[in-house]
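Undergrad: Sending over upload-v4.cif (mmCIF, C-alpha atoms).
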```cif
data_model
#
loop_
_atom_site.label_atom_id
_atom_site.label_comp_id
_atom_site.auth_asym_id
_atom_site.auth_seq_id
_atom_site.Cartn_x
_atom_site.Cartn_y
_atom_site.Cartn_z
CA MET V 208 -24.90 -6.23 -48.27
CA ARG V 209 -23.66 -2.98 -49.78
CA HIS V 210 -25.61 -1.08 -47.21
CA ILE V 211 -24.12 -3.06 -44.35
CA LEU V 212 -20.61 -2.49 -45.64
CA ALA V 213 -21.31 1.18 -46.12
CA PHE V 214 -22.68 1.35 -42.59
CA ILE V 215 -19.62 -0.35 -41.14
CA TRP V 216 -17.36 1.91 -43.16
CA LYS V 217 -19.17 4.99 -41.95
CA HIS V 218 -18.75 3.95 -38.34
CA ASN V 219 -15.34 2.32 -38.79
CA PHE V 220 -13.99 3.96 -35.62
CA PHE V 221 -16.60 2.24 -33.50
CA PHE V 222 -16.32 -1.14 -35.21
CA LEU V 223 -12.54 -1.19 -35.07
CA PHE V 224 -12.80 -0.36 -31.36
CA LEU V 225 -15.22 -3.24 -30.88
CA LEU V 226 -12.96 -5.63 -32.78
CA LEU V 227 -9.82 -4.73 -30.81
CA GLU V 228 -11.65 -4.78 -27.47
CA VAL V 229 -13.13 -8.22 -28.17
CA LEU V 230 -9.70 -9.46 -29.25
CA SER V 231 -8.20 -8.23 -25.95
CA VAL V 232 -10.92 -9.86 -23.89
CA ILE V 233 -10.40 -13.14 -25.75
CA LEU V 234 -6.70 -12.90 -24.93
CA ILE V 235 -7.50 -12.31 -21.25
CA ALA V 236 -10.00 -15.16 -21.08
CA ASN V 237 -7.98 -17.68 -23.08
CA LYS V 238 -4.69 -17.17 -21.36
CA SER V 239 -3.78 -20.83 -21.42
CA PHE V 240 -4.24 -20.92 -25.17
CA TYR V 241 -2.09 -17.83 -25.61
CA GLN V 242 0.64 -19.25 -23.43
CA ARG V 243 0.97 -22.31 -25.62
CA SER V 244 0.92 -20.32 -28.86
CA VAL V 245 3.73 -19.37 -31.21
CA LEU V 246 3.06 -15.73 -30.46
CA SER V 247 3.88 -16.25 -26.80
CA ASN V 248 7.15 -17.98 -27.64
CA ALA V 249 8.15 -15.09 -29.86
CA THR V 250 7.23 -12.39 -27.34
CA ASP V 251 8.98 -14.33 -24.57
CA ARG V 252 12.16 -14.34 -26.57
CA VAL V 253 12.10 -10.55 -26.85
CA THR V 254 10.95 -9.80 -23.31
CA GLY V 255 13.22 -12.48 -21.85
CA GLY V 256 16.24 -11.03 -23.63
CA ILE V 257 15.53 -7.55 -22.35
CA PHE V 258 14.85 -8.72 -18.81
CA THR V 259 18.08 -10.78 -18.76
CA THR V 260 20.15 -7.72 -19.66
CA TRP V 261 18.31 -5.50 -17.20
CA SER V 262 18.54 -7.93 -14.29
CA GLY V 263 22.26 -8.31 -15.06
CA ILE V 264 22.58 -4.63 -14.26
CA THR V 265 20.27 -4.43 -11.26
CA SER V 266 21.45 -7.65 -9.61
CA TYR V 267 24.47 -5.87 -8.13
CA PHE V 268 22.22 -3.92 -5.81
CA SER V 269 21.00 -6.98 -3.95
CA LEU V 270 24.26 -8.96 -3.69
CA ARG V 271 24.67 -8.41 0.05
CA GLN V 272 21.17 -9.58 0.86
CA GLU V 273 21.51 -12.59 -1.44
CA ASN V 274 24.81 -13.64 0.16
CA GLN V 275 23.29 -13.42 3.62
CA ARG V 276 20.44 -15.67 2.56
CA LEU V 277 22.75 -18.27 1.02
CA ALA V 278 25.03 -18.27 4.08
CA GLU V 279 22.04 -18.92 6.33
CA GLU V 280 20.96 -21.79 4.16
CA ASN V 281 24.47 -23.27 4.27
CA VAL V 282 24.40 -23.23 8.05
CA ARG V 283 21.09 -25.03 8.07
CA LEU V 284 22.36 -27.68 5.69
CA HIS V 285 25.55 -28.17 7.76
CA HIS V 286 23.35 -29.01 10.72
CA ILE V 287 21.80 -31.99 8.99
CA LEU V 288 25.04 -33.24 7.45
CA THR V 289 26.23 -36.55 8.91
CA LYS V 290 29.51 -34.93 9.95
CA ALA V 291 27.63 -32.78 12.40
CA GLN V 292 26.23 -35.78 14.22
CA LEU V 293 27.92 -37.92 16.82
CA THR V 294 28.96 -41.26 15.36
CA SER V 295 29.88 -44.30 17.41
CA ASP V 296 31.72 -47.32 16.04
CA THR V 297 31.85 -49.47 19.16
CA LEU V 298 28.46 -51.06 18.86
CA SER V 299 26.83 -52.51 15.86
CA VAL V 300 23.65 -50.60 15.30
CA ASN V 301 20.82 -51.52 13.05
CA VAL V 302 20.08 -48.58 10.83
CA THR V 303 16.65 -48.57 9.41
CA ASP V 304 17.03 -46.18 6.56
CA THR V 305 13.71 -45.24 5.12
CA THR V 306 15.07 -43.20 2.24
CA TYR V 307 15.55 -45.38 -0.76
CA ASN V 308 14.34 -43.42 -3.70
CA GLN V 309 14.76 -39.86 -4.80
CA GLN V 310 11.47 -38.04 -5.23
CA TYR V 311 12.49 -34.44 -5.85
CA THR V 312 15.22 -32.88 -7.96
CA TYR V 313 16.16 -29.22 -7.74
CA THR V 314 17.25 -26.79 -10.45
CA VAL V 315 18.59 -23.37 -9.58
CA ALA V 316 17.21 -20.46 -11.62
CA THR V 317 17.50 -16.67 -11.55
CA VAL V 318 14.53 -14.34 -11.34
CA ILE V 319 14.75 -11.87 -14.20
CA SER V 320 11.41 -10.17 -13.71
CA ASN V 321 9.04 -9.95 -10.78
CA SER V 322 6.12 -7.84 -9.68
CA THR V 323 4.19 -7.58 -6.41
CA ASN V 324 1.82 -4.70 -7.04
CA ARG V 325 -0.80 -6.29 -9.30
CA ARG V 326 -3.71 -8.54 -8.46
CA ASP V 327 -2.06 -11.33 -10.43
CA ASN V 328 1.69 -11.33 -10.10
CA TYR V 329 4.06 -13.40 -12.21
CA ILE V 330 7.79 -14.06 -12.04
CA MET V 331 9.98 -14.73 -15.06
CA LEU V 332 12.87 -17.19 -14.72
CA ASN V 333 15.90 -17.55 -16.96
CA LYS V 334 15.42 -21.31 -17.37
CA GLY V 335 12.99 -23.03 -19.73
CA LYS V 336 12.14 -26.25 -21.56
CA ARG V 337 15.78 -26.68 -22.56
CA HIS V 338 16.78 -26.90 -18.90
CA GLY V 339 14.08 -29.41 -18.05
CA ILE V 340 11.56 -26.98 -16.59
CA GLU V 341 7.94 -28.02 -17.04
CA ARG V 342 4.52 -26.76 -16.11
CA ASP V 343 3.32 -27.39 -12.54
CA MET V 344 6.75 -27.51 -10.95
CA ALA V 345 7.13 -25.88 -7.55
CA VAL V 346 9.35 -22.83 -7.08
CA ILE V 347 10.91 -22.19 -3.67
CA ASN V 348 13.79 -20.21 -2.21
CA PRO V 349 15.82 -20.73 0.97
CA GLN V 350 13.19 -18.84 2.96
CA GLY V 351 10.11 -20.67 1.71
CA VAL V 352 7.52 -21.11 -1.02
CA VAL V 353 7.59 -18.72 -3.98
CA GLY V 354 5.11 -20.08 -6.55
CA THR V 355 4.31 -22.56 -9.31
CA VAL V 356 5.50 -22.74 -12.92
CA VAL V 357 2.55 -22.01 -15.21
CA SER V 358 4.07 -21.55 -18.64
CA VAL V 359 7.34 -22.55 -20.26
CA SER V 360 9.01 -21.45 -23.48
CA GLU V 361 12.30 -22.67 -24.93
CA ASN V 362 14.59 -20.60 -22.68
CA PHE V 363 12.33 -18.94 -20.14
CA SER V 364 9.47 -19.75 -17.84
CA TRP V 365 6.70 -17.80 -16.13
CA VAL V 366 5.96 -18.56 -12.52
CA MET V 367 2.65 -17.76 -10.84
CA SER V 368 3.76 -16.02 -7.66
CA LEU V 369 2.01 -16.68 -4.34
CA LEU V 370 0.71 -13.15 -4.86
CA ASN V 371 -1.97 -14.17 -7.36
CA LYS V 372 -5.71 -14.59 -7.15
CA HIS V 373 -5.43 -18.13 -8.55
CA THR V 374 -3.03 -19.23 -5.82
CA LYS V 375 -4.18 -22.26 -3.83
CA VAL V 376 -1.56 -24.10 -1.81
CA SER V 377 -2.37 -27.01 0.46
CA ALA V 378 -0.83 -26.10 3.81
CA ARG V 379 -0.81 -27.17 7.45
CA ILE V 380 -0.12 -25.61 10.80
CA ASP V 381 3.01 -27.44 11.89
CA ARG V 382 2.32 -27.65 15.63
CA LEU V 383 -1.20 -29.04 15.24
CA ASN V 384 -0.97 -30.83 11.92
CA GLN V 385 -4.18 -29.11 10.84
CA MET V 386 -4.78 -28.85 7.12
CA GLY V 387 -5.86 -25.71 5.27
CA THR V 388 -5.58 -23.78 2.04
CA VAL V 389 -3.39 -20.75 1.44
CA VAL V 390 -4.74 -17.97 -0.78
CA TRP V 391 -3.84 -14.33 -1.41
CA GLU V 392 -6.55 -11.69 -1.09
CA GLY V 393 -4.66 -8.87 -2.75
CA GLY V 394 -3.17 -5.73 -1.30
CA ASN V 395 -0.31 -6.33 1.11
CA PRO V 396 2.45 -8.32 -0.64
CA ALA V 397 3.89 -9.50 2.69
CA SER V 398 0.79 -11.20 4.00
CA GLY V 399 -1.34 -14.17 2.91
CA THR V 400 -4.48 -15.87 4.15
CA LEU V 401 -4.97 -19.42 5.42
CA LEU V 402 -8.51 -20.79 5.15
CA ASP V 403 -10.35 -24.00 6.11
CA ILE V 404 -8.81 -24.55 9.56
CA PRO V 405 -11.74 -25.67 11.78
CA ALA V 406 -12.60 -23.15 14.50
CA HIS V 407 -12.44 -25.63 17.40
CA VAL V 408 -8.65 -25.99 17.43
CA LYS V 409 -6.53 -23.54 19.40
CA ILE V 410 -4.15 -21.48 17.30
CA ASN V 411 -1.49 -19.11 18.62
CA LYS V 412 0.13 -16.12 17.05
CA GLY V 413 3.52 -17.13 15.70
CA ASP V 414 2.57 -20.70 14.77
CA THR V 415 4.38 -21.74 11.63
CA ILE V 416 2.58 -22.69 8.43
CA ALA V 417 4.23 -25.04 5.94
CA THR V 418 3.23 -27.01 2.87
CA SER V 419 1.28 -30.17 3.65
CA GLY V 420 2.85 -32.45 1.09
CA TYR V 421 -0.63 -33.49 0.00
CA SER V 422 -0.25 -31.84 -3.39
CA HIS V 423 1.68 -33.38 -6.23
CA ILE V 424 3.58 -30.11 -6.70
CA PHE V 425 5.13 -29.05 -3.39
CA PRO V 426 7.34 -31.25 -1.21
CA GLU V 427 6.27 -31.54 2.41
CA GLY V 428 7.35 -29.03 5.04
CA ILE V 429 8.42 -26.04 2.95
CA MET V 430 7.84 -22.90 5.03
CA LEU V 431 4.99 -20.60 4.03
CA GLY V 432 4.90 -18.19 6.95
CA THR V 433 3.94 -17.41 10.54
CA VAL V 434 0.47 -16.65 11.93
CA GLU V 435 -0.19 -12.97 12.64
CA GLU V 436 -3.91 -12.47 13.02
CA ILE V 437 -6.74 -14.93 13.69
CA GLU V 438 -10.40 -14.29 12.93
CA VAL V 439 -13.63 -16.25 12.90
CA GLU V 440 -16.56 -14.67 11.11
CA THR V 441 -19.78 -15.05 13.07
CA GLY V 442 -21.59 -18.22 12.07
CA ASP V 443 -18.54 -19.63 10.34
CA HIS V 444 -16.96 -22.90 11.38
CA PHE V 445 -13.57 -22.07 10.00
CA TYR V 446 -10.83 -19.59 10.85
CA THR V 447 -9.61 -16.89 8.51
CA ILE V 448 -5.95 -16.66 9.43
CA HIS V 449 -3.71 -13.86 8.18
CA PHE V 450 -0.05 -14.74 8.16
CA ARG V 451 3.27 -13.22 7.17
CA PHE V 452 5.01 -14.89 4.22
CA SER V 453 8.39 -16.31 5.18
CA ALA V 454 9.83 -15.62 1.73
CA ASP V 455 10.29 -11.95 0.88
CA LEU V 456 8.55 -12.03 -2.49
CA ASN V 457 9.67 -8.52 -3.33
CA SER V 458 13.40 -9.25 -3.29
CA LEU V 459 13.74 -12.57 -5.10
CA ARG V 460 16.98 -13.37 -6.87
CA HIS V 461 17.90 -17.06 -6.94
CA VAL V 462 15.19 -19.67 -6.62
CA TYR V 463 14.98 -23.46 -6.85
CA VAL V 464 12.61 -25.15 -9.25
CA VAL V 465 11.46 -28.44 -7.76
CA ASN V 466 10.71 -31.38 -10.02
CA ASN V 467 8.59 -34.11 -8.50
CA LEU V 468 9.77 -37.31 -10.21
CA PHE V 469 6.55 -39.09 -9.24
CA ASN V 470 4.31 -36.32 -10.50
CA LYS V 471 2.99 -38.32 -13.43
CA GLU V 472 2.36 -41.42 -11.41
CA GLN V 473 0.47 -39.48 -8.74
CA LEU V 474 -1.62 -37.66 -11.31
CA GLU V 475 -2.50 -40.86 -13.13
CA LEU V 476 -3.55 -42.50 -9.91
CA ARG V 477 -5.84 -39.61 -9.16
CA LYS V 478 -7.26 -39.67 -12.65
CA ASN V 479 -8.19 -43.33 -12.15
CA ILE V 480 -10.23 -42.44 -9.08
CA ILE V 481 -12.04 -39.63 -10.82
CA ASN V 482 -12.83 -41.81 -13.84
CA GLU V 483 -14.37 -44.54 -11.77
CA MET W 64 4.07 13.30 -42.18
CA ASN W 65 6.79 10.86 -41.21
CA LYS W 66 8.64 13.55 -39.36
CA ALA W 67 5.49 14.41 -37.46
CA TYR W 68 5.12 10.87 -36.13
CA GLY W 69 8.84 10.23 -35.53
CA LYS W 70 8.63 11.60 -32.02
CA ASP W 71 5.59 9.48 -31.24
CA ILE W 72 7.34 6.32 -32.36
CA LEU W 73 10.31 7.13 -30.16
CA ARG W 74 7.97 7.87 -27.26
CA PHE W 75 6.26 4.49 -27.84
CA PHE W 76 9.40 2.47 -27.12
CA LEU W 77 10.73 4.78 -24.42
CA LEU W 78 7.50 4.67 -22.41
CA ILE W 79 7.22 0.87 -22.62
CA ALA W 80 10.80 0.59 -21.34
CA VAL W 81 10.23 2.99 -18.45
CA GLN W 82 6.96 1.25 -17.59
CA VAL W 83 8.18 -2.35 -17.50
CA LEU W 84 11.73 -1.84 -16.27
CA ILE W 85 11.16 0.77 -13.58
CA LEU W 86 7.54 1.59 -12.74
CA ASP W 87 6.30 -2.01 -12.58
CA HIS W 88 8.78 -2.68 -9.78
CA ILE W 89 7.67 0.22 -7.62
CA ASN W 90 5.73 -1.01 -4.66
CA LEU W 91 3.88 1.26 -2.28
CA GLY W 92 1.71 -0.83 0.02
CA GLY W 93 0.83 -3.18 -2.83
CA TYR W 94 -1.90 -0.92 -4.21
CA VAL W 95 -0.11 1.58 -6.37
CA ASN W 96 1.10 0.81 -9.87
CA PRO W 97 1.13 3.98 -11.99
CA SER W 98 0.65 3.49 -15.74
CA LEU W 99 2.77 6.25 -17.18
CA TYR W 100 2.75 4.63 -20.63
CA VAL W 101 -0.74 6.02 -21.37
CA LEU W 102 1.00 9.37 -21.89
CA PHE W 103 1.74 8.02 -25.36
CA ILE W 104 -1.97 7.88 -26.20
CA LEU W 105 -2.59 11.29 -24.65
CA LEU W 106 0.11 12.99 -26.69
CA LEU W 107 -0.74 11.57 -30.13
CA PRO W 108 -1.48 14.48 -32.50
CA PHE W 109 -5.03 15.84 -32.74
CA GLU W 110 -5.31 15.05 -36.44
CA ILE W 111 -4.39 11.36 -36.19
CA PRO W 112 -6.93 9.16 -38.03
CA GLY W 113 -9.25 7.09 -35.82
CA TRP W 114 -7.98 3.71 -36.95
CA ALA W 115 -4.35 4.66 -36.29
CA LEU W 116 -5.28 5.91 -32.82
CA LEU W 117 -6.98 2.63 -31.91
CA ILE W 118 -4.32 0.40 -33.38
CA SER W 119 -1.40 2.23 -31.80
CA ALA W 120 -3.20 2.13 -28.45
CA PHE W 121 -3.69 -1.61 -28.85
CA LEU W 122 -0.02 -2.06 -29.72
CA ILE W 123 1.35 -0.19 -26.70
CA GLY W 124 -1.04 -2.05 -24.42
CA PHE W 125 -0.02 -5.36 -25.92
CA GLY W 126 3.64 -4.38 -25.54
CA VAL W 127 3.24 -3.71 -21.83
CA ASP W 128 1.22 -6.93 -21.47
CA SER W 129 3.96 -9.04 -23.01
CA PHE W 130 6.34 -7.92 -20.30
CA SER W 131 4.04 -8.63 -17.39
CA ASN W 132 2.33 -11.84 -18.50
CA SER W 133 -1.03 -10.12 -18.32
CA THR W 134 -2.15 -10.84 -21.88
CA GLY W 135 -4.82 -8.51 -23.17
CA LEU W 136 -5.31 -6.59 -19.94
CA HIS W 137 -3.45 -3.39 -20.76
CA ALA W 138 -4.48 -3.75 -24.41
CA ALA W 139 -8.17 -3.73 -23.44
CA ALA W 140 -7.75 -0.72 -21.15
CA SER W 141 -5.70 1.23 -23.71
CA VAL W 142 -8.10 0.58 -26.58
CA PHE W 143 -11.01 1.71 -24.42
CA MET W 144 -9.11 4.85 -23.51
CA ALA W 145 -8.30 5.59 -27.17
CA PHE W 146 -11.96 5.11 -28.06
CA LEU W 147 -12.93 7.77 -25.53
CA ARG W 148 -10.22 10.20 -26.62
CA PRO W 149 -12.22 12.15 -29.24
CA TRP W 150 -15.01 12.53 -26.69
CA ALA W 151 -12.58 13.66 -23.99
CA ILE W 152 -11.12 16.26 -26.35
CA ARG W 153 -14.61 17.62 -26.94
CA MET W 154 -15.40 17.61 -23.22
CA ALA W 155 -12.22 19.47 -22.35
CA GLY W 156 -12.98 21.99 -25.09
CA ALA W 157 -11.69 21.28 -28.57
CA PRO W 158 -9.35 23.85 -30.07
CA ALA W 159 -11.17 26.02 -32.60
CA GLU W 160 -8.88 25.03 -35.41
CA TYR W 161 -6.08 22.51 -35.67
CA GLU W 162 -4.07 24.84 -37.81
CA GLY W 163 -0.78 25.98 -36.47
CA ASN W 164 0.06 22.40 -35.47
CA LEU W 165 -1.37 22.40 -31.97
CA LYS W 166 -0.43 19.39 -29.87
CA PRO W 167 -2.50 18.01 -26.97
CA GLY W 168 0.06 19.01 -24.31
CA ILE W 169 0.38 21.61 -21.58
CA ALA W 170 2.57 23.80 -23.79
CA ASP W 171 -0.14 24.38 -26.42
CA MET W 172 -3.38 23.86 -24.57
CA GLY W 173 -2.62 25.07 -21.08
CA PHE W 174 -2.63 23.30 -17.75
CA ARG W 175 -6.38 23.34 -17.10
CA TRP W 176 -7.26 21.85 -20.44
CA PHE W 177 -4.61 19.16 -20.15
CA PHE W 178 -5.60 18.28 -16.59
CA ALA W 179 -9.27 17.78 -17.46
CA TYR W 180 -8.38 15.76 -20.56
CA THR W 181 -5.92 13.56 -18.61
CA LEU W 182 -8.27 13.08 -15.67
CA LEU W 183 -11.10 11.75 -17.86
CA LEU W 184 -8.96 9.37 -19.87
CA VAL W 185 -6.76 8.06 -17.06
CA LEU W 186 -9.81 7.29 -14.91
CA ALA W 187 -11.36 5.37 -17.81
CA HIS W 188 -8.13 3.47 -18.41
CA GLN W 189 -7.55 2.55 -14.77
CA PHE W 190 -11.17 1.55 -14.29
CA ILE W 191 -11.10 -0.98 -17.14
CA LEU W 192 -7.64 -2.15 -16.13
CA PHE W 193 -8.47 -3.03 -12.54
CA LEU W 194 -11.99 -4.24 -13.30
CA PHE W 195 -10.68 -6.77 -15.81
CA GLU W 196 -7.77 -7.66 -13.55
CA ALA W 197 -9.97 -8.66 -10.63
CA PHE W 198 -12.69 -10.08 -12.92
CA ARG W 199 -15.07 -10.77 -10.05
CA LEU W 200 -17.75 -8.69 -8.38
CA ALA W 201 -16.77 -9.71 -4.86
CA GLU W 202 -13.74 -7.46 -5.09
CA THR W 203 -15.52 -4.19 -5.92
CA GLY W 204 -14.06 -2.35 -2.94
CA TYR W 205 -10.58 -3.50 -3.80
CA VAL W 206 -11.05 -2.40 -7.43
CA LEU W 207 -12.24 1.08 -6.43
CA ILE W 208 -9.28 1.62 -4.09
CA ARG W 209 -6.89 0.59 -6.84
CA VAL W 210 -8.59 2.78 -9.45
CA LEU W 211 -8.34 5.83 -7.20
CA ALA W 212 -4.78 5.20 -6.04
CA GLY W 213 -3.61 4.22 -9.53
CA SER W 214 -5.24 7.23 -11.21
CA THR W 215 -3.86 9.71 -8.68
CA PHE W 216 -0.29 8.52 -9.07
CA THR W 217 -0.58 8.14 -12.84
CA ILE W 218 -1.89 11.70 -13.26
CA ILE W 219 0.81 13.15 -10.98
CA LEU W 220 3.50 11.31 -12.95
CA ILE W 221 2.06 12.37 -16.32
CA ILE W 222 1.94 16.03 -15.35
CA LEU W 223 5.45 15.93 -13.91
CA THR W 224 6.73 14.30 -17.09
CA GLU W 225 4.93 16.90 -19.20
CA TYR W 226 6.58 19.76 -17.36
CA LEU W 227 9.94 18.04 -17.42
CA PHE W 228 9.97 17.60 -21.18
CA MET W 229 7.95 20.67 -22.15
CA GLN W 230 9.28 22.66 -25.07
CA LYS W 231 8.45 26.32 -25.00
CA ARG W 232 6.58 27.62 -28.05
CA LYS W 233 8.07 30.58 -29.81
#
```
Would you give me this structure, written as structure tokens?
TA:
Amino acid sequence: MRHILAFIWKHNFFFLFLLLEVLSVILIANKSFYQRSVLSNATDRVTGGIFTTWSGITSYFSLRQENQRLAEENVRLHHILTKAQLTSDTLSVNVTDTTYNQQYTYTVATVISNSTNRRDNYIMLNKGKRHGIERDMAVINPQGVVGTVVSVSENFSWVMSLLNKHTKVSARIDRLNQMGTVVWEGGNPASGTLLDIPAHVKINKGDTIATSGYSHIFPEGIMLGTVEEIEVETGDHFYTIHFRFSADLNSLRHVYVVNNLFNKEQLELRKNIINE
Amino acid sequence: MNKAYGKDILRFFLLIAVQVLILDHINLGGYVNPSLYVLFILLLPFEIPGWALLISAFLIGFGVDSFSNSTGLHAAASVFMAFLRPWAIRMAGAPAEYEGNLKPGIADMGFRWFFAYTLLLVLAHQFILFLFEAFRLAETGYVLIRVLAGSTFTIILIILTEYLFMQKRK
């Protein structure tokens, strides 16, 4: 025993290196554990505080762009308002209203930190558990899909951006109703990849891609982007489609966090199937 | 002793701030993300004990990680780089004696020495960083591009910063 200790002491530089390196790798591998830990809550408080101050300063530089985006969204919403539609009161009309229950609620949040130049990009929001944010909520902005909430602390939350190697969003090509999966292959932060569309259907450049509504996270029909480049690898039965993201993920400011009120019910139902 | 490390402690916080508030938001084609903060590890005094070198490298890596939700990634790369530092000093040509308070910067050691020393360590750092970030073999090409682009920009930034803040020796 003495000899072992003496040996370790003699080579303490190497053993300390080994210890710290293993610790780092454990942190990388067990991210989900770290994100639920006390340590993460404490570091989030510090980093969140600093980011809030900093984004308070830098937000002035993007005000014009942000206003433009909000104005465009207002116009779109005015279009679907009842006031914008012709009403007639002369005839009695049977209205079959199929909406009877609210499924999604929206919370507005501000992006206080964002990156687009890593392989795994994350966005920090200034809302957390206290504001009703939970894991697995969708994050969108007026232009389209932004990401998914992956970790929440008391006052802040981390969002996995679309620009992440773990991204997998169920999507469809609007015109054809064909289902596929959106992933990000790294590199260009303006362009994503749509997989699993069978090679027999005819796809055009400029076709729009939106969420399918088949996931329990994203509502149906949120824009993802427009088709730019279509490829089929030889011997493959599926397209590899490169498309341009509709949301500019490099200039995010205000986003909406979407809460699916039926999330639990849908998940439980699925769990029942898997258990059987 | 305390006075000697005062500057390093200041540099520690300053470099984290510059890294996470400014450099992490730079975006050139989605490939380039210079890691200027490693300058902290490069500039630690020659005579720093091994354990302090490793632990301070771990701390600055962990600090940068906390701001980018990349737990352990920068810590792993920084610790690896610190581990190689004594070797890199030998490779670049160790100073004959540490007397006279030589510091591992351009001012004391000259441009050629500093360039070789920086090149070795930054390459090691970026290699571990992007390898662990991708974490899959299928992306080897992507990793190599990022290592080369990242190292080039990091080294340019480090040398510019060195010249900018260089204090002439009497």
Undergrad: CA of Gln309 in chain V to CA of His373 in chain V: how many Å, to one decimal?
TA: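 Answer for the CA of Gln309 in chain V to CA of His373 in chain V separation: 29.9 Å.
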Undergrad: Report as an mmCIF file with C-alpha atoms, in the frame of the given file the full result of the PyMOL selection byres ((chain V) within 8 of (chain W)) when it is applied to this structure.
TA:
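Listed below is the output, out.cif:
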```cif
data_model
loop_
_atom_site.group_PDB
_atom_site.id
_atom_site.type_symbol
_atom_site.label_atom_id
_atom_site.label_comp_id
_atom_site.auth_asym_id
_atom_site.auth_seq_id
_atom_site.Cartn_x
_atom_site.Cartn_y
_atom_site.Cartn_z
ATOM 1 C CA ASN V 219 -15.340 2.320 -38.790
ATOM 2 C CA PHE V 220 -13.990 3.960 -35.620
ATOM 3 C CA PHE V 221 -16.600 2.240 -33.500
ATOM 4 C CA LEU V 223 -12.540 -1.190 -35.070
ATOM 5 C CA PHE V 224 -12.800 -0.360 -31.360
ATOM 6 C CA LEU V 227 -9.820 -4.730 -30.810
ATOM 7 C CA GLU V 228 -11.650 -4.780 -27.470
ATOM 8 C CA LEU V 230 -9.700 -9.460 -29.250
ATOM 9 C CA SER V 231 -8.200 -8.230 -25.950
ATOM 10 C CA VAL V 232 -10.920 -9.860 -23.890
ATOM 11 C CA ILE V 233 -10.400 -13.140 -25.750
ATOM 12 C CA LEU V 234 -6.700 -12.900 -24.930
ATOM 13 C CA ILE V 235 -7.500 -12.310 -21.250
ATOM 14 C CA LYS V 238 -4.690 -17.170 -21.360
ATOM 15 C CA TYR V 241 -2.090 -17.830 -25.610
ATOM 16 C CA THR V 250 7.230 -12.390 -27.340
ATOM 17 C CA ASP V 251 8.980 -14.330 -24.570
ATOM 18 C CA THR V 254 10.950 -9.800 -23.310
ATOM 19 C CA PHE V 258 14.850 -8.720 -18.810
ATOM 20 C CA TRP V 261 18.310 -5.500 -17.200
ATOM 21 C CA ASN V 321 9.040 -9.950 -10.780
ATOM 22 C CA SER V 322 6.120 -7.840 -9.680
ATOM 23 C CA THR V 323 4.190 -7.580 -6.410
ATOM 24 C CA ASN V 324 1.820 -4.700 -7.040
ATOM 25 C CA ARG V 325 -0.800 -6.290 -9.300
ATOM 26 C CA ARG V 326 -3.710 -8.540 -8.460
ATOM 27 C CA ASP V 327 -2.060 -11.330 -10.430
ATOM 28 C CA TYR V 329 4.060 -13.400 -12.210
ATOM 29 C CA TRP V 365 6.700 -17.800 -16.130
ATOM 30 C CA GLY V 393 -4.660 -8.870 -2.750
ATOM 31 C CA GLY V 394 -3.170 -5.730 -1.300
ATOM 32 C CA ASN V 395 -0.310 -6.330 1.110
ATOM 33 C CA PRO V 396 2.450 -8.320 -0.640
#
```
Undergrad: In Å, with one decimal, what is the gap from CA of Leu227 in chain W to CA of Ser214 in chain W?
TA: 19.6 Å
Undergrad: So the first atom is CA of Ala345 in chain V and the second is CA of Ile319 in chain V; what is the distance between them in Å, to one decimal place?
TA: 17.3 Å
Undergrad: Asn467 in chain V: which residues within 12 Å, counting all atoms listed in the file, same-chain residues fewer than 6 positions away excluded, as a PyMOL selection string?
TA: chain V and resi 308-314+339-346+420+422-427+473-474
Undergrad: Just the selected residues (C-alpha atoms), exported as a CSV table (one decimal), keeping the file's coordinate frame, please.
TA:
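What follows is the written file selection-v3.csv:
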```csv
chain,number,residue,atom,x,y,z
V,308,ASN,CA,14.3,-43.4,-3.7
V,309,GLN,CA,14.8,-39.9,-4.8
V,310,GLN,CA,11.5,-38.0,-5.2
V,311,TYR,CA,12.5,-34.4,-5.8
V,312,THR,CA,15.2,-32.9,-8.0
V,313,TYR,CA,16.2,-29.2,-7.7
V,314,THR,CA,17.2,-26.8,-10.4
V,339,GLY,CA,14.1,-29.4,-18.0
V,340,ILE,CA,11.6,-27.0,-16.6
V,341,GLU,CA,7.9,-28.0,-17.0
V,342,ARG,CA,4.5,-26.8,-16.1
V,343,ASP,CA,3.3,-27.4,-12.5
V,344,MET,CA,6.8,-27.5,-11.0
V,345,ALA,CA,7.1,-25.9,-7.6
V,346,VAL,CA,9.4,-22.8,-7.1
V,420,GLY,CA,2.8,-32.4,1.1
V,422,SER,CA,-0.2,-31.8,-3.4
V,423,HIS,CA,1.7,-33.4,-6.2
V,424,ILE,CA,3.6,-30.1,-6.7
V,425,PHE,CA,5.1,-29.0,-3.4
V,426,PRO,CA,7.3,-31.2,-1.2
V,427,GLU,CA,6.3,-31.5,2.4
V,473,GLN,CA,0.5,-39.5,-8.7
V,474,LEU,CA,-1.6,-37.7,-11.3
```
Undergrad: Let me know the residues the PyMOL selection byres ((chain W and resi 167) around 12) catches in the file above, as a ChimeraX atom specification.
TA: /W:102-111,148-149,151-152,155-158,161,164-166,168-181,225,229
Undergrad: Would you kindly return, as a PyMOL selection string, each protein, DNA or RNA residue with an atom no farther than 8 Å from any atom of Pro349 in chain V, considering all atoms listed in the file and excluding same-chain residues fewer than 4 positions away?
TA: chain V and resi 276-277+280+454+462
Undergrad: Name all residues at most 12 Å from Asn411 in chain V (count all atoms listed in the file; drop same-chain ones fewer than 3 positions away) and give them as a list in words.
TA: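 The residues that qualify are Ile380, Asp381, Arg382, Leu383, Val408, Asp414, Thr415, Ile416, Thr433, Val434, Glu435, Glu436, Ile437, Glu438, Ile448, His449 and Phe450 of chain V.
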